[in-house]
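Step one of this worksheet: look at the structure below.
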Amino acid sequence: MSTALSGRRVLITGAARGIGALAAERLHRRGARVALLGIEPELLEGVAARCGEAPWFHCDVSDRAQVKRAVEEAVASLGGLDVAIANAGVAAQLPLVGGDARIFERTLQVNVLGTYYFVRAVGPHVSHPGGYVLVTASLAAAVHPPLMGAYSASK
């Protein structure tokens, strides 16, 4: 096991599935202490169990108050914070013209505002030597798949 991550305190959004869950599990295996944020309690419980009963918190990142509360609870649970991973994101296929504007807006709320709210909330906790924030991006920001305008714009 690498000692570089041993004891590091890591908070991950979108940790219930996909990249977030995989990152949590790999970081845990390498000695990091992880805390999980997401909106799917059943899935978060499973990831938490695979990460040594890691603390998890329900948090819709598009809600600034929920983000602030969840970050503070996670920081208290971990005893501080070294790394924050802004990973939560949503994607939907829809045409920009004639598509459901609510889906476009939700994509931007989660992927853009949610990232901003999270980075803003964790900033004071990771502003120390060795602390950092990682924001998950997507190739869709450069390569624009059909019907993925909202997602591509948000990444």
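Naming works like this for the structure tokens: A, B, ... for the chains as they're shown, residue 1 at the start of each chain, ligands 1 onward in shown order.
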
Among chain A, which residues carry a DSSP assignment of strand (DSSP E), reported as an MDAnalysis selection string? chainID A and resid 9:12 33:38 56:58 83:86 132:135

Residues of chain A in alpha helix (DSSP H) according to DSSP, as a PyMOL selection string? chain A and resi 18-29+41-50+64-78+101-108+114-126+149-154

Rank nothing, just name the residue among A:Phe104, A:Glu42, A:Pro146, A:Ile85 nearest to Gly131 (chain A), using only C-alpha atoms. A:Ile85

Hey, which bits of region 24-54 of chain A sit within 10 Å of region 87-90 of chain A, and for each residue what's the closest pair of atoms and how far apart in Å (one decimal), counting only C-alpha atoms, rows by chain and increasing number, as CSV?
```
residue,atom,partner,partner_atom,distance
A:Leu37,CA,A:Ala88,CA,8.6
A:Gly38,CA,A:Ala88,CA,7.6
A:Ile39,CA,A:Ala88,CA,9.7
```

Could you write out that same residue set with all heavy atoms as a compact mmCIF listing (two decimals), in the first residue's frame?
```
# COMPACT_ATOMS: atom_id res chain seq x y z
N LEU A 37 -20.62 11.91 -0.43
CA LEU A 37 -21.82 12.72 -0.60
C LEU A 37 -22.56 12.22 -1.82
O LEU A 37 -21.95 11.87 -2.82
CB LEU A 37 -21.47 14.19 -0.80
CG LEU A 37 -20.69 14.93 0.27
CD1 LEU A 37 -20.56 16.40 -0.09
CD2 LEU A 37 -21.34 14.78 1.63
N GLY A 38 -23.89 12.22 -1.74
CA GLY A 38 -24.70 11.81 -2.88
C GLY A 38 -26.17 11.87 -2.55
O GLY A 38 -26.56 12.25 -1.44
N ILE A 39 -26.99 11.48 -3.52
CA ILE A 39 -28.44 11.55 -3.34
C ILE A 39 -29.11 10.18 -3.36
O ILE A 39 -30.33 10.10 -3.36
CB ILE A 39 -29.08 12.46 -4.41
CG1 ILE A 39 -28.79 11.96 -5.81
CG2 ILE A 39 -28.64 13.90 -4.23
CD1 ILE A 39 -29.58 12.69 -6.91
```

Which of these residues is nearest to Ala101 (chain A), using only C-alpha atoms: A:Ala150, A:Ala15, A:Ala23, A:Val119?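 Of all the options, A:Ala150 lies closest to Ala101 (chain A).
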
Pick out the residues sitting within 10 Å of Gln93 (chain A), and hand them over as a list in words; count only C-alpha atoms, and ignore anything fewer than 5 positions along from it in its own chain.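 Using only C-alpha atoms, the neighbours found are Gly99, Ile103, Phe104, Pro145, Pro146, Leu147, Met148, Gly149, Ala150 and Tyr151 of chain A.
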
Can you write out the residues you just picked, keeping C-alpha atoms, as a compact mmCIF listing (two decimals), in the first residue's frame?
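Final file, out.txt:
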```txt
# COMPACT_ATOMS: atom_id res chain seq x y z
CA GLY A 99 -36.09 19.87 -25.62
CA ILE A 103 -33.68 19.05 -17.99
CA PHE A 104 -31.21 21.55 -19.45
CA PRO A 145 -21.80 14.34 -28.91
CA PRO A 146 -25.21 14.74 -30.54
CA LEU A 147 -28.04 15.73 -28.17
CA MET A 148 -25.56 16.39 -25.33
CA GLY A 149 -25.43 20.20 -25.56
CA ALA A 150 -26.34 20.82 -21.92
CA TYR A 151 -23.83 18.29 -20.67
```

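When only C-alpha atoms are used to compute distances to Gly114 (chain A), the closest of the residues A:Ala86, A:Val143, A:Ala4, A:Leu81 turns out to be A:Ala86.
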
I'd like the neighbourhood of Ala35 (chain A) as a PyMOL selection string, where a residue qualifies if any of its atoms comes within 10 Å (using only C-alpha atoms), though same-chain residues fewer than 6 positions away should be ignored. chain A and resi 9-13+15+24+28+48+51+53-57+71+73-75+77-78+81+84

So which residues touch Gly7 (chain A) within 12 Å, counting only C-alpha atoms, skipping near sequence neighbours fewer than 2 positions away, as a ChimeraX atom specification? /A:1-5,9-10,27-34,78-83

Straight-line distance linking CA of Leu96 (chain A) with CA of Ser62 (chain A), stated in Å to one decimal: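 Distance reported for this atom pair: 21.2 Å.
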
Would you please work out which residue, of A:Arg8, A:Leu43, A:His58, A:Ile19, is nearest to Val135 (chain A) when using only C-alpha atoms?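 Closest candidate: A:Ile19.
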
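Compared by their closest atoms to Arg69 (chain A), and using only C-alpha atoms, the residues A:Ala121, A:Leu36, A:Val112, A:Ala49 rank with A:Ala121 nearest.
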
As an exercise, work out the distance from CA of Arg106 (chain A) to CA of Ala153 (chain A) in Å and give it to one decimal place.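 Spanning CA of Arg106 (chain A) to CA of Ala153 (chain A) is a straight-line distance of 12.6 Å.
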
Please report the interatomic distance between CA of Glu72 (chain A) and CA of Val122 (chain A) in Å with one decimal.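 It comes out at 8.6 Å.
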
With only C-alpha atoms as the basis for distance, which of A:Val47, A:Val61, A:Leu22, A:Ala91 is at the shortest distance from Ser138 (chain A)?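 Among the listed residues, A:Ala91 lies closest to Ser138 (chain A).
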